[in-house]
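Chemist: My structure is in work39.cif, and what it holds is mmCIF, C-alpha atoms:
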data_coords
loop_
_atom_site.label_atom_id
_atom_site.label_comp_id
_atom_site.auth_asym_id
_atom_site.auth_seq_id
_atom_site.Cartn_x
_atom_site.Cartn_y
_atom_site.Cartn_z
CA MET A 1 62.40 117.22 14.20
CA ASN A 2 65.05 118.02 11.69
CA ALA A 3 67.80 116.76 13.94
CA LEU A 4 66.11 113.38 14.39
CA THR A 5 66.11 112.69 10.68
CA PHE A 6 69.58 114.12 10.34
CA TRP A 7 71.28 112.18 13.12
CA PRO A 8 71.06 108.53 11.88
CA ALA A 9 72.55 109.61 8.62
CA MET A 10 75.39 111.20 10.55
CA SER A 11 76.14 108.06 12.51
CA GLU A 12 76.29 106.07 9.33
CA ILE A 13 78.90 108.39 8.03
CA LEU A 14 80.78 108.09 11.30
CA SER A 15 80.73 104.31 11.32
CA THR A 16 82.61 104.13 8.05
CA PRO A 17 86.24 104.68 8.87
CA SER A 18 87.76 107.02 6.36
CA GLY A 19 90.79 109.27 6.44
CA ASP A 20 89.11 112.65 6.30
CA SER A 21 86.33 112.08 8.83
CA THR A 22 87.96 114.02 11.65
CA ARG A 23 85.47 116.86 11.43
CA PHE A 24 82.52 114.53 11.95
CA TYR A 25 84.34 112.73 14.71
CA VAL A 26 84.67 115.92 16.68
CA LEU A 27 80.99 116.65 16.09
CA GLU A 28 79.97 113.33 17.57
CA HIS A 29 82.29 113.46 20.52
CA HIS A 30 81.36 116.87 21.77
CA PRO A 31 77.75 116.52 22.99
CA GLU A 32 78.75 114.13 25.80
CA ASN A 33 79.62 117.00 28.09
CA GLY A 34 77.25 119.40 26.39
CA THR A 35 74.95 119.63 29.39
CA LEU A 36 77.75 120.65 31.70
CA LEU A 37 78.89 123.40 29.37
CA GLY A 38 75.30 124.56 28.92
CA PHE A 39 74.79 124.58 32.66
CA TRP A 40 77.96 126.57 33.08
CA LEU A 41 76.59 129.13 30.62
CA TYR A 42 73.39 129.29 32.70
CA LEU A 43 75.50 129.94 35.79
CA MET A 44 77.28 132.73 33.98
CA SER A 45 73.95 134.37 33.14
CA ASP A 46 72.95 133.92 36.76
CA CYS A 47 76.19 135.62 37.65
CA LEU A 48 75.02 138.63 35.62
CA ILE A 49 71.76 138.76 37.60
CA PHE A 50 73.76 138.89 40.81
CA ALA A 51 76.10 141.47 39.29
CA CYS A 52 73.08 143.72 38.61
CA LEU A 53 71.90 143.31 42.18
CA PHE A 54 75.40 143.98 43.48
CA ALA A 55 75.60 147.11 41.33
CA ALA A 56 72.22 148.25 42.70
CA TYR A 57 73.51 147.69 46.22
CA ALA A 58 76.72 149.52 45.43
CA VAL A 59 74.68 152.55 44.32
CA LEU A 60 71.96 152.45 46.98
CA GLY A 61 73.81 150.83 49.86
CA ARG A 62 74.40 154.08 51.74
CA ASN A 63 71.02 155.71 51.07
CA TYR A 64 69.50 155.22 54.49
CA ALA A 65 66.69 157.79 54.08
CA GLY A 66 67.03 158.62 57.76
CA GLY A 67 66.52 154.97 58.63
CA PRO A 68 68.86 152.48 60.25
CA SER A 69 72.29 151.86 58.73
CA GLY A 70 74.10 148.58 58.16
CA ALA A 71 76.27 149.15 61.21
CA GLU A 72 73.14 149.34 63.36
CA LEU A 73 71.36 146.38 61.79
CA PHE A 74 73.88 143.69 60.89
CA ASP A 75 74.76 141.03 63.41
CA LEU A 76 78.23 139.93 62.32
CA PRO A 77 78.53 136.79 64.49
CA LEU A 78 75.31 135.55 62.88
CA VAL A 79 76.73 136.30 59.44
CA ALA A 80 79.93 134.47 60.34
CA LEU A 81 77.89 131.45 61.39
CA ASN A 82 75.93 131.60 58.13
CA THR A 83 79.17 131.81 56.15
CA ALA A 84 80.58 128.82 58.02
CA LEU A 85 77.44 126.80 57.31
CA LEU A 86 77.54 127.52 53.60
CA LEU A 87 81.27 126.84 53.36
CA LEU A 88 80.85 123.54 55.21
CA SER A 89 77.98 122.57 52.93
CA SER A 90 80.25 123.25 49.98
CA ILE A 91 82.88 120.79 51.13
CA THR A 92 80.33 118.16 52.18
CA TYR A 93 78.90 118.34 48.67
CA GLY A 94 82.44 117.83 47.42
CA PHE A 95 82.71 114.69 49.58
CA ALA A 96 79.40 113.46 48.15
CA MET A 97 80.86 113.86 44.66
CA LEU A 98 83.97 111.89 45.68
CA GLU A 99 81.77 109.08 47.02
CA MET A 100 79.74 109.17 43.83
CA GLN A 101 82.97 108.64 41.91
CA ARG A 102 83.56 105.49 43.97
CA LYS A 103 79.95 104.35 43.43
CA GLN A 104 79.23 104.38 47.17
CA LEU A 105 75.48 104.96 47.10
CA ASN A 106 74.76 105.18 50.83
CA ARG A 107 77.73 107.35 51.64
CA THR A 108 76.80 109.71 48.83
CA LEU A 109 73.29 109.96 50.21
CA ILE A 110 74.59 110.68 53.71
CA TRP A 111 76.88 113.46 52.49
CA LEU A 112 74.09 114.90 50.37
CA ALA A 113 71.76 114.82 53.38
CA ILE A 114 74.36 116.66 55.49
CA THR A 115 74.74 119.21 52.70
CA GLY A 116 70.99 119.70 52.56
CA LEU A 117 70.76 120.10 56.33
CA LEU A 118 73.54 122.71 56.36
CA GLY A 119 71.78 124.54 53.53
CA ALA A 120 68.49 124.39 55.43
CA CYS A 121 70.18 125.81 58.55
CA PHE A 122 71.59 128.61 56.40
CA ILE A 123 68.15 129.44 55.05
CA GLY A 124 66.66 129.19 58.54
CA LEU A 125 69.16 131.68 59.95
CA GLU A 126 68.64 134.01 57.01
CA LEU A 127 64.87 133.93 57.43
CA PHE A 128 65.35 134.57 61.15
CA GLU A 129 67.45 137.61 60.27
CA PHE A 130 64.90 138.87 57.76
CA VAL A 131 61.98 138.45 60.16
CA HIS A 132 63.97 140.20 62.87
CA LEU A 133 64.76 143.14 60.54
CA ILE A 134 61.17 143.49 59.34
CA HIS A 135 59.95 143.28 62.93
CA GLU A 136 62.25 146.16 63.84
CA GLY A 137 60.68 148.26 61.12
CA ALA A 138 63.67 147.80 58.79
CA GLY A 139 61.77 146.05 56.00
CA PRO A 140 62.57 146.38 52.31
CA GLN A 141 60.29 149.42 51.97
CA ARG A 142 62.19 151.43 54.61
CA SER A 143 65.04 152.82 52.49
CA GLY A 144 66.99 152.34 49.29
CA PHE A 145 69.68 150.57 51.26
CA LEU A 146 67.23 148.03 52.67
CA THR A 147 65.48 147.49 49.33
CA SER A 148 68.74 146.62 47.62
CA PHE A 149 69.85 144.55 50.63
CA PHE A 150 66.69 142.44 50.65
CA SER A 151 66.74 141.98 46.86
CA LEU A 152 70.35 140.82 46.79
CA VAL A 153 70.41 138.62 49.88
CA GLY A 154 66.87 137.39 49.20
CA THR A 155 67.73 136.35 45.66
CA HIS A 156 70.71 134.42 46.95
CA GLY A 157 68.52 132.79 49.60
CA LEU A 158 65.96 131.81 46.96
CA HIS A 159 68.73 130.19 44.92
CA VAL A 160 69.85 128.18 47.93
CA SER A 161 66.24 127.18 48.69
CA PHE A 162 65.72 125.89 45.17
CA GLY A 163 69.09 124.18 45.39
CA ILE A 164 67.81 122.28 48.43
CA VAL A 165 64.64 121.27 46.56
CA TRP A 166 66.82 120.05 43.70
CA LEU A 167 69.09 118.21 46.16
CA ILE A 168 66.17 116.33 47.77
CA THR A 169 64.79 115.45 44.33
CA LEU A 170 68.15 114.03 43.31
CA MET A 171 68.47 112.06 46.54
CA VAL A 172 65.15 110.37 45.78
CA GLN A 173 66.25 109.76 42.20
CA ILE A 174 69.54 108.18 43.27
CA ARG A 175 67.84 105.95 45.82
CA ARG A 176 65.41 104.70 43.19
CA HIS A 177 67.64 104.38 40.14
CA GLY A 178 71.21 104.43 41.42
CA PHE A 179 74.08 106.14 39.64
CA THR A 180 72.75 106.15 36.11
CA THR A 181 74.43 108.37 33.54
CA ASP A 182 71.59 110.86 33.87
CA ASN A 183 71.77 111.00 37.64
CA THR A 184 75.54 111.40 37.60
CA ARG A 185 75.23 114.28 35.20
CA ARG A 186 72.50 115.89 37.32
CA LEU A 187 74.63 115.59 40.43
CA MET A 188 77.49 117.27 38.60
CA CYS A 189 75.22 120.14 37.55
CA LEU A 190 73.96 120.60 41.11
CA SER A 191 77.56 120.52 42.29
CA MET A 192 78.40 123.45 40.06
CA PHE A 193 75.22 125.26 41.19
CA TRP A 194 75.98 124.73 44.87
CA HIS A 195 79.61 125.83 44.68
CA PHE A 196 78.59 128.80 42.53
CA LEU A 197 76.18 129.95 45.25
CA ASP A 198 79.03 129.77 47.73
CA VAL A 199 81.09 131.99 45.43
CA VAL A 200 78.24 134.51 45.31
CA TRP A 201 78.03 134.40 49.10
CA ILE A 202 81.68 135.49 49.31
CA GLY A 203 80.62 138.65 47.50
CA VAL A 204 77.59 139.07 49.77
CA PHE A 205 79.35 138.75 53.10
CA THR A 206 82.27 140.90 51.98
CA PHE A 207 80.45 143.61 50.08
CA VAL A 208 77.15 143.79 51.96
CA TYR A 209 77.82 142.77 55.53
CA LEU A 210 81.48 143.47 56.26
CA MET A 211 81.77 146.64 54.19
CA GLY A 212 78.26 147.66 55.26
CA VAL A 213 79.23 147.96 58.91
CA LEU A 214 82.35 150.03 58.18
CA PRO A 215 81.92 153.67 59.25
CA MET B 1 95.37 109.55 52.56
CA SER B 2 97.01 107.45 49.88
CA GLU B 3 94.10 105.06 49.41
CA LEU B 4 91.82 108.05 49.05
CA HIS B 5 93.89 109.14 46.09
CA LEU B 6 93.49 105.93 44.15
CA PRO B 7 89.91 106.35 42.93
CA ALA B 8 90.63 109.85 41.72
CA GLU B 9 93.63 108.59 39.82
CA ALA B 10 91.74 105.65 38.39
CA HIS B 11 89.03 108.04 37.40
CA HIS B 12 91.44 110.11 35.36
CA GLU B 13 92.39 107.07 33.36
CA HIS B 14 89.03 106.57 31.77
CA GLY B 15 89.33 109.80 29.99
CA ASN B 16 86.96 112.60 29.17
CA LEU B 17 83.72 110.81 29.95
CA HIS B 18 83.21 112.90 33.08
CA ALA B 19 84.49 116.27 34.14
CA ASP B 20 87.23 116.43 36.73
CA HIS B 21 85.81 116.12 40.26
CA GLY B 22 89.07 116.77 42.06
CA SER B 23 90.34 114.68 44.95
CA PHE B 24 89.90 114.60 48.70
CA LYS B 25 93.15 116.48 49.07
CA SER B 26 92.17 119.27 46.68
CA TYR B 27 88.79 119.74 48.40
CA LEU B 28 90.48 119.89 51.79
CA THR B 29 93.12 122.35 50.55
CA GLY B 30 90.40 124.55 49.11
CA PHE B 31 88.38 124.36 52.29
CA ILE B 32 91.28 125.29 54.56
CA LEU B 33 92.27 128.19 52.29
CA ALA B 34 88.66 129.36 52.19
CA VAL B 35 88.36 129.24 55.98
CA ILE B 36 91.52 131.31 56.38
CA LEU B 37 90.44 133.78 53.72
CA THR B 38 87.04 134.14 55.40
CA ALA B 39 88.30 134.37 58.98
CA ILE B 40 90.79 137.17 58.34
CA PRO B 41 88.25 139.65 56.89
CA PHE B 42 85.79 138.97 59.71
CA ALA B 43 88.58 139.45 62.25
CA LEU B 44 89.66 142.70 60.57
CA VAL B 45 86.16 144.16 60.74
CA MET B 46 85.01 142.79 64.10
CA GLY B 47 88.31 143.68 65.78
CA LYS B 48 88.34 147.16 64.16
CA VAL B 49 92.00 146.70 63.19
CA PHE B 50 92.32 149.66 60.84
CA ASP B 51 91.10 153.16 61.58
CA ARG B 52 90.30 154.11 58.01
CA SER B 53 87.34 152.42 56.36
CA SER B 54 88.89 152.73 52.92
CA THR B 55 91.94 150.68 53.98
CA THR B 56 89.75 147.93 55.46
CA GLY B 57 87.44 148.01 52.44
CA LEU B 58 90.27 147.56 49.95
CA ILE B 59 91.79 144.70 51.97
CA LEU B 60 88.36 143.04 52.21
CA LEU B 61 87.89 143.24 48.45
CA GLY B 62 91.36 141.79 47.95
CA PHE B 63 90.61 138.83 50.21
CA ALA B 64 87.25 138.28 48.50
CA ALA B 65 88.89 138.23 45.07
CA VAL B 66 91.47 135.67 46.20
CA GLN B 67 88.78 133.53 47.82
CA VAL B 68 86.68 133.57 44.66
CA VAL B 69 89.69 132.26 42.74
CA VAL B 70 90.26 129.57 45.40
CA HIS B 71 86.64 128.43 45.12
CA MET B 72 86.82 128.43 41.32
CA VAL B 73 89.96 126.32 41.26
CA TYR B 74 89.40 123.88 44.14
CA PHE B 75 85.60 123.52 44.22
CA LEU B 76 84.43 124.32 40.70
CA HIS B 77 87.58 122.78 39.15
CA MET B 78 88.01 125.59 36.70
CA ASN B 79 90.89 125.22 34.29
CA THR B 80 91.70 126.19 30.76
CA ARG B 81 91.28 122.63 29.46
CA SER B 82 87.75 121.62 30.50
CA GLU B 83 85.22 121.58 27.64
CA GLY B 84 87.96 122.59 25.27
CA GLY B 85 88.42 125.94 27.00
CA TRP B 86 84.84 127.08 26.46
CA THR B 87 84.01 127.32 30.17
CA MET B 88 87.01 129.56 30.72
CA LEU B 89 86.07 131.68 27.72
CA ALA B 90 82.51 132.07 29.02
CA LEU B 91 83.87 132.99 32.45
CA VAL B 92 86.24 135.60 31.06
CA PHE B 93 83.46 137.12 28.97
CA THR B 94 81.13 137.22 31.98
CA LEU B 95 83.79 138.79 34.16
CA MET B 96 84.30 141.45 31.53
CA LEU B 97 80.58 142.25 31.48
CA VAL B 98 80.44 142.27 35.28
CA ILE B 99 83.37 144.65 35.56
CA ILE B 100 81.94 147.01 32.94
CA MET B 101 78.53 146.97 34.58
CA MET B 102 79.74 147.37 38.16
CA SER B 103 82.29 150.09 37.52
CA GLY B 104 79.99 151.84 35.03
CA SER B 105 77.04 151.87 37.42
CA ILE B 106 79.07 153.12 40.33
CA TRP B 107 80.80 155.76 38.23
CA VAL B 108 77.65 157.12 36.59
CA MET B 109 75.51 157.05 39.70
CA TYR B 110 78.23 158.67 41.81
CA HIS B 111 78.37 161.60 39.41
CA MET B 112 74.60 161.86 39.24
CA ASN B 113 74.45 161.98 43.01
CA HIS B 114 77.18 164.56 43.05
CA ASN B 115 75.68 166.85 40.44
CA MET B 116 71.96 166.50 40.65
CA MET B 117 70.62 165.52 44.04
CA PRO B 118 69.60 168.56 46.12
CA GLY B 119 69.92 166.55 49.33
CA MET B 120 73.56 165.96 48.57
CA MET B 121 74.42 169.69 48.54
CA ASN B 122 76.92 169.83 51.35
CA GLU B 123 79.72 172.35 51.80
CA SER B 124 82.05 170.96 49.19
CA THR B 125 79.42 170.98 46.44
CA LEU B 126 78.39 174.54 47.34
CA GLU B 127 81.94 175.69 46.89
CA THR B 128 82.15 174.26 43.40
CA ARG B 129 78.80 175.79 42.49
CA PRO B 130 80.01 179.08 40.95
CA GLU B 131 82.13 177.17 38.40
CA SER B 132 79.33 174.96 37.21
CA MET B 133 76.80 177.81 37.23
CA GLY B 134 79.12 180.39 35.82
CA THR B 135 77.09 181.04 32.68
CA MET B 136 73.86 181.50 34.61
CA PRO B 137 72.67 184.97 35.74
CA PRO B 138 73.50 185.88 39.35
CA LEU B 139 70.91 185.22 42.03
CA PRO B 140 68.49 188.17 42.52
CA ALA B 141 69.22 188.73 46.22
CA ALA B 142 72.96 188.82 45.77
CA SER B 143 73.01 190.66 42.45
CA PRO B 144 73.32 194.34 43.56
CA GLU B 145 76.35 193.77 45.71
CA SER B 146 78.14 191.39 43.43
CA THR B 147 77.67 193.60 40.37
CA SER B 148 78.87 196.70 42.23
CA GLU B 149 81.94 194.85 43.41
CA SER B 150 82.82 193.72 39.95
CA LYS B 151 82.65 197.28 38.70
#
Would you mind writing the file out in structure tokens?
Modeler:
Amino acid sequence: MNALTFWPAMSEILSTPSGDSTRFYVLEHHPENGTLLGFWLYLMSDCLIFACLFAAYAVLGRNYAGGPSGAELFDLPLVALNTALLLLSSITYGFAMLEMQRKQLNRTLIWLAITGLLGACFIGLELFEFVHLIHEGAGPQRSGFLTSFFSLVGTHGLHVSFGIVWLITLMVQIRRHGFTTDNTRRLMCLSMFWHFLDVVWIGVFTFVYLMGVLP
Amino acid sequence: MSELHLPAEAHHEHGNLHADHGSFKSYLTGFILAVILTAIPFALVMGKVFDRSSTTGLILLGFAAVQVVVHMVYFLHMNTRSEGGWTMLALVFTLMLVIIMMSGSIWVMYHMNHNMMPGMMNESTLETRPESMGTMPPLPAASPESTSESK
């Protein structure tokens, strides 16, 4: 409420050109990209969540409690396929952003759809893996290793799932309203989110899967 | 290739209204680098190239670190200029917290495992036992012999 009454007064000050108004000028110019910076800060806090889960896995990752180990459970070709899918979805999202820059609505939608499909395949494979593990009796309650594994990989999977929901929502928004300033900004935020999840996946496939199968 | 560059260049001209989205070339460079940096670790592990796990583990971590940087630069367009350097500052701060938390957790929990968990009492911990329990009275069963020997 306070800001609303404060702001018009500010713009009046700004509209009068005077020599020593540089401080106000900076104040007015900054909020344009404010959302992107704020979203980046959110991603950094998300990064801390993943860091906690990684730390938990680092501590518990070899506590098998007499149960199956990573070497017995992980199917590396499947993980490689998952990694490829997520990496491909990262670059197709990049292409969607390039088409957005050129105001090509349909092409953007096509690239976004491909990105969403790749993401859905990733989630499908991950769910398949989880169901397979639980079916084998290696569910999250089996050992400390599996608890931390399911928490970490599951949290990443949930992020991707919500990313897909967000992606579909934005596709509908773009079809209806086109590249408005709001939609462009939203697409840029989702871009950061999507690429960030790919960065987290690098940690997952290296630290959990590849190092997990090492003797 | 060259006509693909034009929009990106034209985009740069209209200033700071949007963040930098990169170009087709930069995305492709990043993608190719990422594929290479992903393929090598998988090949190392699946082909069982090194005998020692610690060697493979360290190399894997190295590749992961490089790939994270590649993703940051080519996909997330990280640089020191965007948002007046605030994104970079936030990233550096987060990395600092992550490093403290990861290394701290591993360090503390390793020592707790080593010192406190009865299940972890293998040969090496049994050998170090007399030092850590030096101030405690000798065990009842072993006490007659050990005391007579010391005299």
Chemist: If you apply the PyMOL selection byres ((chain B) within 8 of (chain A)) to this file, what residues do you get, as a ChimeraX atom specification?
Modeler: /B:7-8,11,17-19,21-24,27-28,31,34-35,41-42,45-46,53,57,60-61,64,67-68,71-72,75-76,83,86-87,90-91,94,97-98,101-102,105-106,109-110
Chemist: Residues of the last selection are to be written out with C-alpha atoms, as a compact mmCIF listing (two decimals), keeping the file's coordinate frame.
Modeler:
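In the end it all went to part.txt:
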# COMPACT_ATOMS: atom_id res chain seq x y z
CA PRO B 7 89.91 106.35 42.93
CA ALA B 8 90.63 109.85 41.72
CA HIS B 11 89.03 108.04 37.40
CA LEU B 17 83.72 110.81 29.95
CA HIS B 18 83.21 112.90 33.08
CA ALA B 19 84.49 116.27 34.14
CA HIS B 21 85.81 116.12 40.26
CA GLY B 22 89.07 116.77 42.06
CA SER B 23 90.34 114.68 44.95
CA PHE B 24 89.90 114.60 48.70
CA TYR B 27 88.79 119.74 48.40
CA LEU B 28 90.48 119.89 51.79
CA PHE B 31 88.38 124.36 52.29
CA ALA B 34 88.66 129.36 52.19
CA VAL B 35 88.36 129.24 55.98
CA PRO B 41 88.25 139.65 56.89
CA PHE B 42 85.79 138.97 59.71
CA VAL B 45 86.16 144.16 60.74
CA MET B 46 85.01 142.79 64.10
CA SER B 53 87.34 152.42 56.36
CA GLY B 57 87.44 148.01 52.44
CA LEU B 60 88.36 143.04 52.21
CA LEU B 61 87.89 143.24 48.45
CA ALA B 64 87.25 138.28 48.50
CA GLN B 67 88.78 133.53 47.82
CA VAL B 68 86.68 133.57 44.66
CA HIS B 71 86.64 128.43 45.12
CA MET B 72 86.82 128.43 41.32
CA PHE B 75 85.60 123.52 44.22
CA LEU B 76 84.43 124.32 40.70
CA GLU B 83 85.22 121.58 27.64
CA TRP B 86 84.84 127.08 26.46
CA THR B 87 84.01 127.32 30.17
CA ALA B 90 82.51 132.07 29.02
CA LEU B 91 83.87 132.99 32.45
CA THR B 94 81.13 137.22 31.98
CA LEU B 97 80.58 142.25 31.48
CA VAL B 98 80.44 142.27 35.28
CA MET B 101 78.53 146.97 34.58
CA MET B 102 79.74 147.37 38.16
CA SER B 105 77.04 151.87 37.42
CA ILE B 106 79.07 153.12 40.33
CA MET B 109 75.51 157.05 39.70
CA TYR B 110 78.23 158.67 41.81
Chemist: Kindly give the distance, in Å, that separates atom CA of Leu95 of chain B and atom CA of Leu86 of chain A, rounded to a single decimal.
Modeler: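 Calculated distance between atom CA of Leu95 of chain B and atom CA of Leu86 of chain A is 23.3 Å.
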Chemist: Mind pulling up the distance from atom CA of Leu78 of chain A to atom CA of Phe128 of chain A?
Modeler: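 These atoms are spaced 10.2 Å apart.
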Chemist: To one decimal place, how far is atom CA of Thr35 of chain A from atom CA of Phe122 of chain A in Å?
Modeler: 28.7 Å
Chemist: Give as a ChimeraX atom specification every residue, naming chains and numbers as the document does, that has an atom within 10 Å of (70.6, 110.0, 43.5), counting only C-alpha atoms.
Modeler: /A:100,105-106,108-109,112,167-180,182-184,186-187
